[in-house]
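One structure is given here, and the rest of the page talks about it.
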Amino acid sequence: FMKLSSVVVTLILTVGVSYYIYTPLPAAIEEPLKLMLLDALFRAMLQGDLCQCLGLSHHIPWIRGTISGLETLGEMAGGQRGGVRVSDVDFDRVPVRVYEPPAAGGGEGGLRRAVMFYHGGGWALGATKMGSYDVLCRQMSDELNAVVVSVEYRLAPEVHFPVQYEDCLAAAKHFLEPGILGKLSVDPQRVAVSGDSAGGNLAAAVAQQISIDDSVSVKFSVQALIYPVLQGLDLNTPSHQQNHNIPILHRFIMARFWLLYLGVDTSLHPLLLSPSFLHHPSIPPSLRSHLNWTNLLPAKHIKHYKPVGMEMGSQEVMGQEGNLLPVLLDVRAAPLLAEQGVLGRTPRAYILTCEYDVLRDDGLMYTRRLQDAGVTVSSHHYDDGFHGALSFAHWPFFFDVGKRMIRGYMDWLQENL
């Protein structure tokens with residue numbers, strides 16, 4: 001009887017764990033089991049339904065601690081660090097980590113390229129010292145013989161928009177000062193700004209501001225955006241509809257990250273998921289056209305999806321909006337909404353998008369808007385990609401698609417920076 005009970009308990013636990021881990025995935029995604037395990041880990045960190053009840057902000061410190069623990073295990077697992085020199089300093093009171101390559105000199109006059117990098121994490125997670133970002137920045141510095149500056153901007157829920165943006169802009173202005181570039185032997189004509197996910201949002205917004213700020217004499221020469229989030233007004237684009245439950249960035253989690261960033265009660269995420277904001281009468285048609293995906297997206301990405309119509313009860317939604325709509329219209333939070341004249345002054349761009357990512361259409365629409373403004377854009381789309389894949393190219397998941405993303409990103413910077 002005891003043996004039978006053990007077998008039954010084991011069977012129940014096995015079925016339960018399998019049920020928890022299993023997530024239906026598109027056939028095009030390679031290594032599906034690893035992605036299911038990664039998604040299960042994230043769902044465990046978010047504590048499933050409790051996250052929906054309590055609000056994401058209650059879990060941020062615990063999530064950060066868990067990620068830090070995993071990263072520590074990754075460091076214990078080893079990995080080549082190379083001869084890159086690393087120093088932690090402040091740029092205009094903003095902490096940054098500076099990576100300097102082991103090789104002396106670079107281009108003309110011994111000057112080197114440079115990359116200012118903003119990490120992702122929904123404006124609430126991530127860090128310059130986080131293993132995946134640290135490895136990426138070391139690799140960039142070593143391979144490109146470049147000075148890489150990774151910015152430790154402050155995070156939600158401790159601070160909210162526009163603090164993250166202001167930290168990143170302040171660090172960028174300090175770095176671009178001729179004296180600072182000279183001290184680091186950086187060629188002022190070869191400085192990039194880059195970031196992934198929320199970091200891509202910050203990189204795009206900072207690139208726009210620097211391009212129109214006449215007080216900044218040195219401008220970024222390229223912008224490299226990795227699956228960037230660029231607007232929060234329409235979370236019903238085809239990619240949001242198609243990938244609403246695809247790991248690791250589920251649609252409702254993206255909505256909660258937006259609300260956390262903007263300092264709004266995350267329990268109001270149904271407001272952001274509704275189409276009511278996009279149809280709000282205070283939004284002029286000219287601005288709405290900046291994210292009209294029926295015109296901006298290629299037909300192969302629109303597929304069979306249709307714009308979501310106005311919902312019943314939207315007047316109640318409008319009445320509860322508070323300060324949410326003004327910040328969603330702020331180009332510092334939503335770079336996709338910038339006017340064409342601003343976009344036309346930004347540097348040539350690299351934009352990486354993934355087919356199985358709710359943010360896919362943000363990147364594709366921004367590509368089109370930049371091109372319409374006369375900016376040269378290299379669009380790199382991964383048909384088997386998912387959000388965050390680049391960060392999981394290393395221990396413990398080693399996703400092949402992430403490795404390919406890093407290689408493509410590095411090759412583009414090598415050729416264009």
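Note on naming: chains are A, B, ... as they come in the structure tokens, residues start from 1 per chain, ligands start from 1 in the order shown.
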Handout entry: Shell around Val94 in chain A at 12 Å using only C-alpha atoms, local window under 4 positions removed, as a ChimeraX atom specification
Key = /A:88-90,149-154,163-175
Practice task
Identify, on the basis of only C-alpha atoms, every residue whose closest approach to Asp142 in chain A does not exceed 12 Å; exclude the query and any residue fewer than 4 positions from it along the same chain; express the result as a PyMOL selection string.
Solution key: chain A and resi 80-86+99-104+106+112-114+135-138+146-148+410+414
Problem - Distance in Å - CA of Asp411 in chain A versus CA of Gly131 in chain A - result: 21.7 Å
Exercise for the section: Using only C-alpha atoms, pick whichever of A:Leu271, A:Leu125, A:Ile283, A:Val115 has the shortest atom-to-atom distance to Phe252 in chain A. Expected result: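 Ranked by minimum distance to Phe252 in chain A, first place goes to A:Leu271.
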